[in-house]
Amino acid sequence: MNRVRWGLLVTGGYANVAVAANAKSETTEFVAVATGDAEEAREYAASHGIPRSFGSFDELLACEDIDAVFVALHPVDHVEWAVKALRAGKHVLCEKPLGLSVADVERVFDEAEAAGRACIEGVMFRHHPQIRLAQRLVDEGRIGDLMYVYAACTAAVPPDYFRRDRALGGGALLDLGVFALSAIRCFAGEPVRVYAEEMRRGPGAADHGFTASLRLPGDVLGQFVVGQDIARGDFLHVVGTKGRVVVRQPWFGGTDPVELDIQGPVPMLESQKEYFPVDPDGVHRLDEMFHISRIQFDEVSTAIATGTELPFGRREAVAQARAVAALLESGATAQPVELARTM
């Protein structure tokens, strides 16, 4: 198949990762970049080996030699430019979060459907073989009946990082919590009720710490903790009646084996552990730097080029936005929030 020709709308750092990850891709080619300044765009294109540059986003969207656009802007700008790209006839991959409200996410997909173009919210870990291996083990019943999902994503984020800025759509939940929330939903479905606590440094500040408990269908419980001022710690535990699946470094392209820990029949007996390699045949080339971004673009570009259904579409993005909205409400009020049982 021909490689999909991508344009970049850049203010965020994930664009750099995407370009580096896909330098040798067989599915994805970055052919143009736009920033808010022509000279800055030229320098970016030269330093990243991109053929064309534009001094405005509108100029890039008017270019007919671009099939798809990666929106890597501040979160507050995602909806505006995703919509403009779709109206310009481009497919869209937009960095998470796609929108800051359910209505905004619905609007983007309304535009995608009207334009007959693909749209996907970029949550990279969902495409990674590590997570899909964990899902297979759970689906096979290896841990018994699902009971509990626990996730964490913490980091010491620089003080001036734009994802701290509430006015730009920042904060711990929207920066890091979307990973943990998406993983819990991936294994356990849509939350019925959520309760959250957030940490802020005064009125108007974004949350720098966020923790939540979720009640999920079938009396499954979920919990996560995320923070922008906490020592780095990323993990995912999926726990059942017989054992647990443990995924270390689940969010940013981990290569550790997935652990299956089967518990003994009574307390204090040793568990039986098995370790499953993530990519035993080397299909996904996990030794490459930033391979998780390449895997995501490979999957999205292939779907665009072949006209097949994207792996994560409207239903997934809207459900995620609903859960985020409920968590934000609960965190602000320190009260539980009920969600609809059918979505």
# chains A, B, ... in the order shown; residues from 1 in each chain; ligands from 1
$ residues_around --residues "stretch 55-59 of chain A" --least-positions-apart "4" --cutoff "8 Å" --atoms "only C-alpha atoms" --output "NGL selection string"
:A and (9 or 34-41 or 63)
$ residues_around --residues "stretch 108-122 of chain A" --least-positions-apart "5" --cutoff "8 Å" --atoms "only C-alpha atoms" --output "ChimeraX atom specification"
/A:79,82-83,86-87,89-98,304,310,312-314,317
$ closest_atom_pairs --of "stretch 128-148 of chain A" --to "stretch 242-260 of chain A" --cutoff "8 Å" --atoms "only C-alpha atoms" --output "Markdown table"
| residue | atom | partner | partner_atom | distance |
| --- | --- | --- | --- | --- |
| A:His128 | CA | A:Gly253 | CA | 7.0 |
| A:Gln130 | CA | A:Val258 | CA | 7.0 |
| A:Ile131 | CA | A:Pro250 | CA | 7.1 |
| A:Leu133 | CA | A:Val258 | CA | 7.5 |
| A:Ala134 | CA | A:Val245 | CA | 6.6 |
| A:Leu137 | CA | A:Val245 | CA | 7.7 |
| A:Val138 | CA | A:Val245 | CA | 7.6 |
| A:Arg142 | CA | A:Gly243 | CA | 7.6 |
| A:Ile143 | CA | A:Gly243 | CA | 4.5 |
| A:Gly144 | CA | A:Lys242 | CA | 5.0 |
| A:Asp145 | CA | A:Lys242 | CA | 7.5 |
$ write_last_selection --atoms "C-alpha atoms" --output "compact mmCIF listing (two decimals), in the first residue's frame"
# COMPACT_ATOMS: atom_id res chain seq x y z
CA HIS A 128 0.58 -1.71 22.06
CA GLN A 130 1.69 -5.43 25.81
CA ILE A 131 -1.87 -4.33 26.56
CA LEU A 133 -1.50 -9.60 25.52
CA ALA A 134 -2.87 -8.67 28.95
CA LEU A 137 -4.94 -13.46 29.28
CA VAL A 138 -7.94 -11.92 31.02
CA ARG A 142 -6.61 -17.03 33.42
CA ILE A 143 -7.32 -14.83 36.47
CA GLY A 144 -10.85 -16.17 37.07
CA ASP A 145 -13.68 -13.68 37.34
$ select_by_dssp --residues "stretch 47-108 of chain A" --states "alpha helix (DSSP H)" --output "PyMOL selection string"
chain A and resi 47-48+57-61+78-87+102-108
$ closest_residue --among "A:Val17, A:Val33, A:Leu328, A:Val278" --to "A:Arg132" --atoms "only C-alpha atoms"
A:Val278
$ atom_distance --atom1 "atom CA of A:Tyr148" --atom2 "atom CA of A:Val220"
5.6 Å
